[in-house]
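Okay, coords31.tsv now, which holds TSV, C-alpha atoms:
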```tsv
chain	number	residue	atom	x	y	z
A	1	MET	CA	115.67	123.61	53.39
A	2	PRO	CA	113.55	126.42	54.83
A	3	LEU	CA	111.71	126.03	58.11
A	4	ALA	CA	108.60	127.52	56.49
A	5	HIS	CA	107.69	128.75	53.00
A	6	LEU	CA	104.45	130.72	53.05
A	7	HIS	CA	102.28	132.31	50.35
A	8	ARG	CA	99.56	134.93	50.48
A	9	ILE	CA	97.62	135.28	47.24
A	10	ASP	CA	94.61	137.56	46.66
A	11	PRO	CA	93.88	138.16	42.96
A	12	GLU	CA	91.29	140.87	43.71
A	13	ALA	CA	93.93	142.94	45.53
A	14	ASN	CA	96.66	142.03	42.99
A	15	MET	CA	98.57	140.44	45.89
A	16	SER	CA	100.94	137.54	45.32
A	17	ARG	CA	103.49	137.39	48.15
A	18	PHE	CA	105.87	134.88	49.68
A	19	TYR	CA	107.58	134.70	53.07
A	20	CYS	CA	110.35	132.23	53.84
A	21	ILE	CA	111.78	131.56	57.33
A	22	ASP	CA	114.95	129.55	57.96
A	23	VAL	CA	117.26	128.87	60.92
A	24	ALA	CA	120.96	128.38	60.12
A	25	ALA	CA	124.26	128.20	62.00
A	26	THR	CA	126.89	130.87	61.46
A	27	LEU	CA	130.64	130.35	61.15
A	28	PHE	CA	131.18	131.83	64.62
A	29	GLY	CA	128.98	129.43	66.61
A	30	ASP	CA	125.87	131.62	66.70
A	31	VAL	CA	122.55	130.82	65.08
A	32	SER	CA	120.75	133.08	62.60
A	33	VAL	CA	117.11	133.44	61.63
A	34	LEU	CA	116.87	134.26	57.92
A	35	ARG	CA	113.68	135.86	56.68
A	36	THR	CA	113.09	136.37	52.96
A	37	TRP	CA	109.95	138.03	51.61
A	38	GLY	CA	108.59	139.68	48.52
A	39	ARG	CA	106.38	139.30	45.49
A	40	ILE	CA	106.22	135.78	44.05
A	41	GLY	CA	108.53	135.60	41.04
A	42	THR	CA	111.14	137.98	42.49
A	43	HIS	CA	114.20	137.42	44.68
A	44	GLY	CA	112.63	139.52	47.41
A	45	ARG	CA	114.40	141.03	50.39
A	46	THR	CA	116.31	139.24	53.14
A	47	SER	CA	116.72	139.99	56.83
A	48	ILE	CA	119.19	138.18	59.11
A	49	GLU	CA	118.80	138.12	62.91
A	50	THR	CA	121.68	136.54	64.83
A	51	CYS	CA	120.84	134.77	68.11
A	52	ALA	CA	123.09	133.35	70.83
A	53	SER	CA	121.39	129.93	71.03
A	54	VAL	CA	119.32	127.56	68.94
A	55	GLU	CA	116.38	127.90	71.36
A	56	GLU	CA	116.39	131.68	71.03
A	57	ALA	CA	116.49	131.43	67.22
A	58	GLU	CA	113.66	128.89	67.15
A	59	ARG	CA	111.56	131.14	69.41
A	60	ALA	CA	112.12	134.11	67.09
A	61	ALA	CA	111.31	132.01	64.00
A	62	SER	CA	108.13	130.53	65.51
A	63	GLN	CA	106.98	133.99	66.64
A	64	THR	CA	107.40	135.29	63.08
A	65	LEU	CA	105.60	132.23	61.70
A	66	ARG	CA	102.61	132.77	64.03
A	67	GLN	CA	102.48	136.46	63.10
A	68	LYS	CA	102.45	135.73	59.36
A	69	MET	CA	99.81	132.99	59.72
A	70	ARG	CA	97.57	135.48	61.57
A	71	ARG	CA	98.01	137.91	58.65
A	72	GLY	CA	96.71	135.35	56.14
A	73	TYR	CA	99.85	133.57	54.92
A	74	LEU	CA	99.48	129.81	54.37
A	75	PRO	CA	102.08	127.09	53.74
A	76	ALA	CA	102.86	127.04	50.01
A	77	GLY	CA	101.55	123.48	49.54
A	78	GLN	CA	98.12	124.37	50.98
A	79	MET	CA	97.33	127.18	48.57
A	80	LEU	CA	94.53	126.63	46.06
A	81	PRO	CA	94.97	127.89	42.51
A	82	PRO	CA	93.01	131.15	42.10
A	83	ASP	CA	90.56	129.59	39.64
A	84	LEU	CA	89.64	126.85	42.18
A	85	ALA	CA	89.35	129.10	45.25
A	86	VAL	CA	85.81	129.71	46.38
```

Output the file's structure as structure tokens, nothing else.
Amino acid sequence: MPLAHLHRIDPEANMSRFYCIDVAATLFGDVSVLRTWGRIGTHGRTSIETCASVEEAERAASQTLRQKMRRGYLPAGQMLPPDLAV
């Protein structure tokens, strides 16, 4: 289960994006931060950052989460359908 699944939808700009952040262990004892992003309805692109400790990975993931929230992404469950947005 992902740490965060975010959406950014703006019908006027024809923007419908997702950003998913996850922290997972590797087979070699390290921890990875997986970031997946793209247009909603596609597989998107994936980036993997390997960290030496869980704390380092969580710091990297929370930094990315804060950055995306500042850019207008919201948790997927909090998005209003475009016809109900004011």

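Straight-line separation from atom CA of A:Tyr73 to atom CA of A:Ala52: 28.2 Å.
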
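Across the structure, atom CA of A:Pro75 and atom CA of A:Ile21 are spaced 11.3 Å apart.
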
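Nearest-residue note for A:Asp30: choosing from A:Gly44, A:Arg8, A:Ala57, A:Met15, the minimum distance belongs to A:Ala57, counting only C-alpha atoms.
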
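Near A:Lys68, within 12 Å and counting all atoms listed in the file, sit Ala4, His5, Leu6, His7, Arg8, Arg17, Phe18, Tyr19, Cys20, Ile21, Arg35, Trp37, Ala61, Ser62, Gln63, Thr64, Leu65, Arg71, Gly72, Tyr73, Leu74 and Pro75 of chain A, not including residues fewer than 3 positions from it in the same chain.
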
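Counting from atom CA of A:Ser16, the distance to atom CA of A:Ile40 is 5.7 Å.
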
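Distances here use all atoms listed in the file; by that measure, the residue among A:Gln67, A:Asn14, A:Thr50, A:Gln78 closest to A:Thr26 is A:Thr50.
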